[in-house]
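Coordinates as given in entry_8.tsv (TSV, C-alpha atoms and all ligand atoms):
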chain	number	residue	atom	x	y	z
A	1108	MET	CA	0.00	0.00	0.00
A	1109	LEU	CA	2.79	2.34	0.99
A	1110	PHE	CA	4.68	1.32	-2.11
A	1111	GLN	CA	1.70	2.12	-4.32
A	1112	LYS	CA	1.32	5.52	-2.67
A	1113	ALA	CA	4.96	6.29	-3.30
A	1114	LYS	CA	4.60	5.14	-6.89
A	1115	ASN	CA	1.54	7.34	-7.36
A	1116	ARG	CA	3.36	10.32	-5.87
A	1117	GLN	CA	6.27	9.71	-8.21
A	1118	ARG	CA	3.94	9.44	-11.18
A	1119	ASN	CA	2.20	12.65	-10.14
A	1120	LYS	CA	5.54	14.37	-9.88
A	1121	VAL	CA	6.50	13.17	-13.38
A	1122	TYR	CA	3.13	14.41	-14.68
A	1123	LYS	CA	3.68	17.73	-12.94
A	1124	ASP	CA	7.18	18.07	-14.42
A	1125	GLU	CA	5.86	17.15	-17.85
A	1126	ARG	CA	3.07	19.74	-17.51
A	1127	ILE	CA	5.55	22.42	-16.48
A	1128	LEU	CA	7.79	21.53	-19.41
A	1129	LYS	CA	4.79	21.52	-21.74
A	1130	ASN	CA	3.69	24.88	-20.42
A	1131	LYS	CA	7.19	26.27	-20.87
A	1132	LYS	CA	7.32	25.02	-24.47
A	1133	GLU	CA	3.86	26.41	-25.16
A	1134	ARG	CA	4.82	29.79	-23.78
A	1135	MET	CA	8.04	29.85	-25.80
A	1136	ARG	CA	6.10	29.02	-28.95
A	1137	SER	CA	3.56	31.74	-28.33
A	1138	LEU	CA	6.35	34.19	-27.57
A	1139	ARG	CA	8.05	33.31	-30.87
A	1140	ARG	CA	4.75	33.71	-32.67
A	1141	LYS	CA	4.28	37.12	-31.12
A	1142	MET	CA	7.87	38.13	-31.87
A	1143	SER	CA	7.47	37.05	-35.47
A	1144	LEU	CA	4.59	39.48	-35.79
A	1145	PHE	CA	6.88	42.37	-34.95
A	1146	PHE	CA	9.99	41.13	-36.73
A	1147	PRO	CA	8.84	39.17	-39.78
A	1148	THR	CA	12.37	38.43	-41.00
A	1149	ASN	CA	13.25	36.74	-37.73
A	1150	ARG	CA	10.55	34.19	-38.23
A	1151	ASP	CA	12.50	32.10	-40.72
A	1152	ARG	CA	15.63	32.24	-38.67
A	1153	LEU	CA	13.72	31.20	-35.59
A	1154	SER	CA	11.92	28.34	-37.20
A	1155	GLY	CA	15.06	27.27	-39.00
A	1156	LYS	CA	12.98	26.21	-42.01
A	1157	VAL	CA	12.95	27.92	-45.40
A	1158	SER	CA	9.90	26.84	-47.26
A	1159	PHE	CA	9.00	27.81	-50.81
A	1160	CYS	CA	6.28	30.08	-49.43
A	1161	THR	CA	8.62	32.12	-47.26
A	1162	PHE	CA	11.02	32.42	-50.20
A	1163	LEU	CA	8.20	33.84	-52.32
A	1164	ASN	CA	7.28	36.21	-49.50
A	1165	LYS	CA	10.87	37.38	-49.31
A	1166	ILE	CA	10.94	38.11	-53.05
A	1167	ARG	CA	7.61	39.90	-52.79
A	1168	SER	CA	8.76	42.18	-49.97
A	1169	ALA	CA	12.05	42.82	-51.78
A	1170	SER	CA	10.22	43.75	-54.98
A	1171	MET	CA	8.00	46.06	-52.93
A	1172	ALA	CA	11.09	47.90	-51.68
A	1173	VAL	CA	12.52	48.18	-55.23
A	1174	GLU	CA	9.15	49.42	-56.51
A	1175	THR	CA	9.04	52.06	-53.80
A	1176	ALA	CA	12.59	53.13	-54.58
A	1177	PHE	CA	11.68	53.56	-58.26
A	1178	VAL	CA	8.17	54.89	-58.00
A	1179	LEU	CA	8.85	57.68	-55.49
A	1180	PRO	CA	11.47	59.53	-57.60
A	1181	LEU	CA	9.30	58.95	-60.68
A	1182	PHE	CA	6.34	60.46	-58.87
A	1183	PHE	CA	8.34	63.53	-57.87
A	1184	LEU	CA	9.73	63.83	-61.40
A	1185	GLY	CA	6.16	63.76	-62.70
A	1186	VAL	CA	5.08	66.45	-60.25
A	1187	VAL	CA	8.05	68.69	-61.17
A	1188	THR	CA	7.29	68.18	-64.88
A	1189	MET	CA	3.65	69.14	-64.33
A	1190	ILE	CA	4.65	72.29	-62.42
A	1191	SER	CA	7.19	73.16	-65.15
A	1192	PHE	CA	4.50	72.84	-67.85
A	1193	MET	CA	2.16	75.11	-65.93
A	1194	ASP	CA	5.00	77.57	-65.33
A	1195	ILE	CA	5.94	77.64	-69.05
A	1196	TYR	CA	2.28	78.10	-69.99
A	1197	LYS	CA	1.91	81.02	-67.55
A	1198	ILE	CA	5.08	82.79	-68.73
A	1199	GLN	CA	4.24	82.21	-72.40
A	1200	THR	CA	0.73	83.63	-71.90
A	1201	GLU	CA	2.11	86.70	-70.14
A	1202	HIS	CA	4.65	87.31	-72.91
A	1203	LEU	CA	2.08	86.82	-75.68
A	1204	THR	CA	-0.44	89.13	-74.02
A	1205	LYS	CA	2.21	91.85	-73.70
A	1206	LEU	CA	3.38	91.29	-77.27
A	1207	CYS	CA	-0.18	91.46	-78.66
A	1208	GLN	CA	-0.80	94.68	-76.75
A	1209	SER	CA	2.43	96.23	-78.10
A	1210	ALA	CA	1.60	95.06	-81.64
A	1211	LYS	CA	-1.88	96.60	-81.40
A	1212	GLU	CA	-0.42	99.90	-80.22
A	1213	ALA	CA	2.21	99.82	-82.97
A	1214	GLY	CA	-0.58	99.14	-85.46
A	1215	MET	CA	-2.43	102.22	-84.20
A	1216	TYR	CA	0.65	104.42	-84.54
A	1217	ALA	CA	1.30	103.10	-88.05
A	1218	TYR	CA	-2.01	104.68	-89.01
A	1219	LEU	CA	-0.62	108.21	-88.67
A	1220	PRO	CA	-1.77	109.77	-91.95
A	1221	ASP	CA	1.18	112.07	-92.54
A	1222	VAL	CA	3.88	109.53	-91.74
A	1223	GLY	CA	2.94	106.81	-94.25
A	1224	GLY	CA	3.87	103.85	-92.08
A	1225	PRO	CA	4.10	100.19	-93.12
A	1226	GLU	CA	1.04	98.06	-93.87
A	1227	GLU	CA	2.01	95.17	-91.67
A	1228	ILE	CA	3.87	95.19	-88.42
A	1229	THR	CA	5.78	92.21	-87.07
A	1230	LEU	CA	7.02	92.22	-83.53
A	1231	PRO	CA	9.44	89.55	-82.33
A	1232	ASP	CA	9.92	88.48	-78.74
A	1233	ILE	CA	12.69	86.21	-77.56
A	1234	TYR	CA	13.12	85.14	-73.99
A	1235	ALA	CA	14.87	82.41	-72.06
A	1236	TYR	CA	13.00	80.02	-69.83
A	1237	GLU	CA	14.97	78.54	-66.98
A	1238	PRO	CA	13.43	75.18	-66.03
A	1239	ILE	CA	12.87	74.39	-62.39
A	1240	GLY	CA	15.86	72.19	-61.69
A	1241	GLY	CA	15.76	69.98	-58.62
A	1242	LEU	CA	19.13	68.33	-58.20
A	1243	VAL	CA	20.16	68.46	-61.84
A	1244	PRO	CA	20.82	71.96	-63.25
A	1245	LEU	CA	18.96	72.18	-66.57
A	1246	PRO	CA	20.00	74.40	-69.48
A	1247	LYS	CA	17.94	77.47	-70.42
A	1248	VAL	CA	15.32	77.08	-73.13
A	1249	TRP	CA	15.07	79.92	-75.64
A	1250	ILE	CA	11.54	80.70	-76.76
A	1251	HIS	CA	10.77	82.76	-79.85
A	1252	ASN	CA	7.45	84.49	-80.35
A	1253	ARG	CA	6.29	86.62	-83.24
A	1254	VAL	CA	3.14	88.62	-83.66
A	1255	ARG	CA	2.09	90.18	-86.96
A	1256	VAL	CA	-0.70	92.73	-87.22
A	1257	HIS	CA	-2.08	94.82	-90.02
A	1258	ALA	CA	-1.73	98.55	-89.51
A	1259	TRP	CA	-4.94	100.06	-88.21
A	1260	THR	CA	-7.11	101.20	-91.05
A	1261	GLY	CA	-9.68	103.09	-89.01
A	1262	LYS	CA	-12.94	102.08	-87.46
A	1263	GLU	CA	-16.11	101.69	-89.42
A	1264	ASP	CA	-18.67	103.98	-87.85
A	1265	TYR	CA	-22.11	102.53	-88.45
A	1266	GLY	CA	-23.70	105.17	-86.24
A	1267	GLU	CA	-27.39	105.91	-86.90
A	1268	THR	CA	-27.42	104.55	-90.42
A	1269	GLY	CA	-27.04	100.99	-89.11
A	1270	GLU	CA	-24.86	98.19	-90.32
A	1271	GLY	CA	-25.80	98.48	-93.97
A	1272	GLY	CA	-25.19	102.22	-94.01
A	1273	ALA	CA	-22.80	104.02	-96.27
A	1274	GLN	CA	-19.19	103.77	-95.33
A	1275	GLN	CA	-17.88	107.05	-94.03
A	1276	THR	CA	-14.43	108.37	-94.62
A	1277	PRO	CA	-12.19	107.77	-91.60
A	1278	GLU	CA	-12.05	110.73	-89.31
A	1279	LYS	CA	-8.87	112.73	-89.07
A	1280	MET	CA	-6.78	112.35	-85.97
A	1281	VAL	CA	-5.00	115.16	-84.18
A	1282	TYR	CA	-2.36	115.31	-81.44
A	1283	VAL	CA	-2.90	116.72	-78.01
A	1284	THR	CA	-0.32	117.26	-75.27
A	1285	GLU	CA	-1.14	116.72	-71.60
A	1286	THR	CA	-0.84	120.35	-70.58
A	1287	GLY	CA	-1.34	122.17	-73.86
A	1288	SER	CA	-4.56	123.97	-74.75
A	1289	VAL	CA	-4.24	123.53	-78.52
A	1290	TYR	CA	-4.27	120.52	-80.85
A	1291	HIS	CA	-1.66	119.77	-83.47
A	1292	ARG	CA	-2.20	118.33	-86.92
A	1293	SER	CA	1.37	117.21	-87.41
A	1294	LEU	CA	3.50	115.07	-85.15
A	1295	SER	CA	6.58	116.84	-86.45
A	1296	CYS	CA	5.28	120.18	-85.15
A	1297	SER	CA	8.13	121.94	-83.36
A	1298	TYR	CA	5.94	122.42	-80.30
A	1299	ILE	CA	5.69	118.62	-79.83
A	1300	ASN	CA	8.94	117.54	-81.34
A	1301	LEU	CA	11.45	119.17	-79.05
A	1302	SER	CA	15.13	118.77	-79.76
A	1303	VAL	CA	16.84	119.17	-76.41
A	1304	GLU	CA	20.38	120.49	-76.33
A	1305	GLN	CA	22.77	120.19	-73.42
A	1306	ILE	CA	25.14	123.16	-72.94
A	1307	SER	CA	27.38	124.52	-70.18
A	1308	GLY	CA	25.68	126.93	-67.75
A	1309	SER	CA	28.21	129.70	-68.33
A	1310	SER	CA	27.47	129.89	-72.07
A	1311	VAL	CA	23.68	130.15	-71.69
A	1312	GLN	CA	23.72	133.93	-71.26
A	1313	SER	CA	25.38	134.44	-74.62
A	1314	ARG	CA	23.12	131.92	-76.45
A	1315	ARG	CA	20.03	133.00	-78.37
A	1316	ASN	CA	17.15	130.82	-79.51
A	1317	GLN	CA	15.84	130.49	-83.07
A	1318	TYR	CA	13.85	133.69	-82.66
A	1319	GLY	CA	16.86	135.64	-81.30
A	1320	GLU	CA	15.54	135.62	-77.70
A	1321	LYS	CA	17.61	135.34	-74.52
A	1322	TYR	CA	17.26	132.27	-72.33
A	1323	GLU	CA	15.59	132.78	-68.92
A	1324	ALA	CA	15.26	130.34	-66.01
A	1325	CYS	CA	12.42	127.80	-66.34
A	1326	GLU	CA	9.56	128.47	-63.91
A	1327	ILE	CA	9.02	124.77	-63.25
A	1328	CYS	CA	12.49	123.54	-62.37
A	1329	SER	CA	14.81	126.52	-62.01
A	1330	ARG	CA	12.73	129.42	-60.60
A	1331	ASN	CA	15.09	132.18	-59.27
A	1332	GLN	CA	18.10	129.97	-59.87
A	1333	ASN	CA	21.35	130.66	-61.66
A	1334	PRO	CA	22.32	128.29	-64.45
A	1335	ALA	CA	23.88	125.07	-63.14
A	1336	GLY	CA	27.09	123.55	-64.55
A	1337	ILE	CA	25.09	121.97	-67.36
A	1338	VAL	CA	21.72	123.25	-68.52
A	1339	PHE	CA	19.14	121.98	-71.04
A	1340	ILE	CA	17.70	124.21	-73.73
A	1341	THR	CA	15.58	123.80	-76.86
A	1342	GLY	CA	15.92	125.83	-79.99
A	1343	LYS	CA	12.29	127.07	-80.01
A	1344	SER	CA	11.76	128.04	-76.35
A	1345	ASN	CA	13.40	130.83	-74.37
A	1346	ARG	CA	13.84	128.90	-71.10
A	1347	TYR	CA	16.85	127.04	-69.76
A	1348	HIS	CA	16.37	124.04	-67.44
A	1349	ASN	CA	18.74	122.97	-64.67
A	1350	LEU	CA	16.94	119.61	-64.51
A	1351	GLY	CA	17.02	117.27	-67.49
A	1352	SER	CA	13.87	115.56	-66.21
A	1353	CYS	CA	11.86	118.80	-66.11
A	1354	SER	CA	8.34	118.45	-67.50
A	1355	GLY	CA	8.97	121.58	-69.56
A	1356	LEU	CA	11.34	119.50	-71.69
A	1357	LYS	CA	8.89	116.66	-72.26
A	1358	ARG	CA	5.78	116.27	-74.31
A	1359	THR	CA	3.34	113.45	-73.69
A	1360	VAL	CA	1.24	113.22	-76.80
A	1361	ARG	CA	-2.20	111.61	-77.18
A	1362	ILE	CA	-3.91	110.89	-80.46
A	1363	VAL	CA	-7.55	111.91	-80.47
A	1364	LYS	CA	-10.26	112.32	-83.08
A	1365	GLU	CA	-10.54	115.79	-84.51
A	1366	SER	CA	-14.16	115.98	-83.39
A	1367	GLU	CA	-13.12	115.30	-79.79
A	1368	ALA	CA	-10.62	118.17	-79.85
A	1369	LYS	CA	-13.19	120.68	-81.09
A	1370	GLY	CA	-13.11	122.62	-77.80
A	1371	MET	CA	-9.42	123.31	-78.27
A	1372	GLY	CA	-7.89	125.73	-80.67
A	1373	ALA	CA	-5.60	124.71	-83.50
A	1374	CYS	CA	-1.87	125.13	-82.99
A	1375	GLY	CA	-0.43	128.34	-84.42
A	1376	ARG	CA	2.65	126.57	-85.78
A	1377	CYS	CA	1.13	123.53	-87.53
A	1378	GLY	CA	-2.64	123.76	-87.40
B	1	ZN	ZN	12.35	123.32	-66.52
B	2	ZN	ZN	1.60	122.38	-83.55
Please rewrite the model in this file as structure tokens.
Amino acid sequence: MLFQKAKNRQRNKVYKDERILKNKKERMRSLRRKMSLFFPTNRDRLSGKVSFCTFLNKIRSASMAVETAFVLPLFFLGVVTMISFMDIYKIQTEHLTKLCQSAKEAGMYAYLPDVGGPEEITLPDIYAYEPIGGLVPLPKVWIHNRVRVHAWTGKEDYGETGEGGAQQTPEKMVYVTETGSVYHRSLSCSYINLSVEQISGSSVQSRRNQYGEKYEACEICSRNQNPAGIVFITGKSNRYHNLGSCSGLKRTVRIVKESEAKGMGACGRCG
């Protein structure tokens, strides 16, 4: 009886040991499983087996890394290209708008009846576009634009007669300065077309203008002043200017219809 008890105790102890060992193994396995979740590459090393499946998985993850390495720079390259295209488009539009405006204005000036300008006007525009370079410096791209317009031939005034009405002769244009109270028929009128001469201040007292008049100080820029080292004079006026930027030396001319300048008198020199 005692012997059986001892045997049973021994067996129980063996069972207990086995259970502890089993528990230990189970815990280790679960720990490995958990570890493999965090470090997938360790899984193969831990298991010590390399199956065909894990090999495929390895290739797949490797190809993912290569794809990422290729796709990311390609994506950024694409984005930079897109931005460059938009940038080129914006700059080109700005240049063309400016060029068209200048061509239109040139076309208007070519209309001047007493100058006999050309029939067609071509304006070129060349500019360099510097591409947005990331790491690689890119060379400049030269862009050529050209705009051709026909010289302005006048506006058809349908007025009250309607669209089918008789075509009227284009109205005459006259020139008006910003400050002047008269209009000029010719752009070459000496009142508009000033030829400014630069002389030394000491010689201004002995100089006479085209009408034999003495030069006096300009009221705008040199009131009560002696002539400076260098003064500016014109052949037609009797004023000397100490400042080259004086408004008395400049003429800003506008072209207006003769009918619009009716309130003004005609110029005594050209009109
Ligand atoms: Zn002046
Ligand atoms: Zn005039």
Please, which residues in chain A fall within 12 Å of ligand ZN 1 (chain B) when counting only C-alpha atoms and all ligand atoms, and what is the closest atom pair and distance in Å to one decimal for each, ordered by chain then residue number, as JSON lines?
{"residue": "A:Val1303", "atom": "CA", "partner": "B:ZN1", "partner_atom": "ZN", "distance": 11.6}
{"residue": "A:Tyr1322", "atom": "CA", "partner": "B:ZN1", "partner_atom": "ZN", "distance": 11.7}
{"residue": "A:Glu1323", "atom": "CA", "partner": "B:ZN1", "partner_atom": "ZN", "distance": 10.3}
{"residue": "A:Ala1324", "atom": "CA", "partner": "B:ZN1", "partner_atom": "ZN", "distance": 7.6}
{"residue": "A:Cys1325", "atom": "CA", "partner": "B:ZN1", "partner_atom": "ZN", "distance": 4.5}
{"residue": "A:Glu1326", "atom": "CA", "partner": "B:ZN1", "partner_atom": "ZN", "distance": 6.4}
{"residue": "A:Ile1327", "atom": "CA", "partner": "B:ZN1", "partner_atom": "ZN", "distance": 4.9}
{"residue": "A:Cys1328", "atom": "CA", "partner": "B:ZN1", "partner_atom": "ZN", "distance": 4.2}
{"residue": "A:Ser1329", "atom": "CA", "partner": "B:ZN1", "partner_atom": "ZN", "distance": 6.1}
{"residue": "A:Arg1330", "atom": "CA", "partner": "B:ZN1", "partner_atom": "ZN", "distance": 8.5}
{"residue": "A:Asn1331", "atom": "CA", "partner": "B:ZN1", "partner_atom": "ZN", "distance": 11.8}
{"residue": "A:Gln1332", "atom": "CA", "partner": "B:ZN1", "partner_atom": "ZN", "distance": 11.0}
{"residue": "A:Pro1334", "atom": "CA", "partner": "B:ZN1", "partner_atom": "ZN", "distance": 11.3}
{"residue": "A:Val1338", "atom": "CA", "partner": "B:ZN1", "partner_atom": "ZN", "distance": 9.6}
{"residue": "A:Phe1339", "atom": "CA", "partner": "B:ZN1", "partner_atom": "ZN", "distance": 8.3}
{"residue": "A:Ile1340", "atom": "CA", "partner": "B:ZN1", "partner_atom": "ZN", "distance": 9.0}
{"residue": "A:Thr1341", "atom": "CA", "partner": "B:ZN1", "partner_atom": "ZN", "distance": 10.8}
{"residue": "A:Ser1344", "atom": "CA", "partner": "B:ZN1", "partner_atom": "ZN", "distance": 10.9}
{"residue": "A:Asn1345", "atom": "CA", "partner": "B:ZN1", "partner_atom": "ZN", "distance": 10.9}
{"residue": "A:Arg1346", "atom": "CA", "partner": "B:ZN1", "partner_atom": "ZN", "distance": 7.4}
{"residue": "A:Tyr1347", "atom": "CA", "partner": "B:ZN1", "partner_atom": "ZN", "distance": 6.7}
{"residue": "A:His1348", "atom": "CA", "partner": "B:ZN1", "partner_atom": "ZN", "distance": 4.2}
{"residue": "A:Asn1349", "atom": "CA", "partner": "B:ZN1", "partner_atom": "ZN", "distance": 6.7}
{"residue": "A:Leu1350", "atom": "CA", "partner": "B:ZN1", "partner_atom": "ZN", "distance": 6.2}
{"residue": "A:Gly1351", "atom": "CA", "partner": "B:ZN1", "partner_atom": "ZN", "distance": 7.7}
{"residue": "A:Ser1352", "atom": "CA", "partner": "B:ZN1", "partner_atom": "ZN", "distance": 7.9}
{"residue": "A:Cys1353", "atom": "CA", "partner": "B:ZN1", "partner_atom": "ZN", "distance": 4.6}
{"residue": "A:Ser1354", "atom": "CA", "partner": "B:ZN1", "partner_atom": "ZN", "distance": 6.4}
{"residue": "A:Gly1355", "atom": "CA", "partner": "B:ZN1", "partner_atom": "ZN", "distance": 4.9}
{"residue": "A:Leu1356", "atom": "CA", "partner": "B:ZN1", "partner_atom": "ZN", "distance": 6.5}
{"residue": "A:Lys1357", "atom": "CA", "partner": "B:ZN1", "partner_atom": "ZN", "distance": 9.4}
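The closest residue to ligand ZN 2 (chain B), picked from A:Arg1139, A:Ile1195, A:Lys1369, A:Ile1299 and counting only C-alpha atoms and all ligand atoms, is A:Ile1299.
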Shell of 6 Å around ligand ZN 2 (chain B) (all atoms listed in the file), written as a PDB file with C-alpha atoms, in the coordinates of the input:
ATOM      1  CA  HIS A1291      -1.660 119.770 -83.470  1.00  0.00           C
ATOM      2  CA  CYS A1296       5.280 120.180 -85.150  1.00  0.00           C
ATOM      3  CA  TYR A1298       5.940 122.420 -80.300  1.00  0.00           C
ATOM      4  CA  CYS A1374      -1.870 125.130 -82.990  1.00  0.00           C
ATOM      5  CA  ARG A1376       2.650 126.570 -85.780  1.00  0.00           C
ATOM      6  CA  CYS A1377       1.130 123.530 -87.530  1.00  0.00           C
ATOM      7  CA  GLY A1378      -2.640 123.760 -87.400  1.00  0.00           C
TER       8      GLY A1378
END
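As for atom CA of Ser1302 of chain A and atom CA of Ala1217 of chain A, they are spaced 22.5 Å apart.
Straight-line separation from atom CA of Gly1319 of chain A to atom CA of Arg1358 of chain A: 23.4 Å.
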When you count only C-alpha atoms, which of these residues is closest to Tyr1216 of chain A: A:Tyr1236, A:Phe1177, A:Trp1259, A:Tyr1318?
A:Trp1259
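Taking atom CA of Asn1316 of chain A and atom CA of Tyr1282 of chain A as endpoints, the distance between them is 25.0 Å.
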Residues within 8 Å of segment 1190-1193 of chain A, all atoms listed in the file, excluding chain neighbours under 3 positions, as a short mmCIF file (atom, residue, chain, number, x, y, z; two decimals) with C-alpha atoms, in the coordinates of the input:
data_model
loop_
_atom_site.label_atom_id
_atom_site.label_comp_id
_atom_site.auth_asym_id
_atom_site.auth_seq_id
_atom_site.Cartn_x
_atom_site.Cartn_y
_atom_site.Cartn_z
CA VAL A 1186 5.08 66.45 -60.25
CA VAL A 1187 8.05 68.69 -61.17
CA TYR A 1196 2.28 78.10 -69.99
CA LYS A 1197 1.91 81.02 -67.55
CA PRO A 1238 13.43 75.18 -66.03
CA ILE A 1239 12.87 74.39 -62.39
#
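Considering the residues A:Lys1211, A:Lys1343, A:Arg1292, A:Lys1132 and counting only C-alpha atoms, Arg1361 of chain A has its shortest atom-to-atom contact with A:Arg1292.
Taking all atoms listed in the file into account, Ile1306 of chain A lies nearest to A:Ala1335 out of the set A:Ala1335, A:Leu1230, A:Val1289, A:Met1189.
Using only C-alpha atoms, the residues found no farther than 12 Å from Asp1232 of chain A, other than those of its own chain fewer than 2 positions away, are A:Gln1199, A:Glu1201, A:His1202, A:Leu1203, A:Thr1204, A:Lys1205, A:Leu1206, A:Cys1207, A:Ser1209, A:Ala1210, A:Thr1229, A:Leu1230, A:Tyr1234, A:Ala1235, A:Trp1249, A:Ile1250, A:His1251, A:Asn1252, A:Arg1253, A:Val1254, A:Arg1255.
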Box time for segment 1329-1340 of chain A: axis-aligned, enclosing all its listed atoms, 8 Å extra on each side; report centre and edge lengths in Å to one decimal, as JSON.
{"center_x": 19.9, "center_y": 127.1, "center_z": -66.5, "size_x": 30.4, "size_y": 26.2, "size_z": 30.5}
Neighbours of Glu1227 of chain A within 8 Å (only C-alpha atoms; same-chain residues fewer than 6 positions away dropped), as a compact mmCIF listing (two decimals) with C-alpha atoms, in the frame of the given file?
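Output file part_18.txt follows:
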# COMPACT_ATOMS: atom_id res chain seq x y z
CA GLY A 1214 -0.58 99.14 -85.46
CA ARG A 1255 2.09 90.18 -86.96
CA VAL A 1256 -0.70 92.73 -87.22
CA HIS A 1257 -2.08 94.82 -90.02
CA ALA A 1258 -1.73 98.55 -89.51
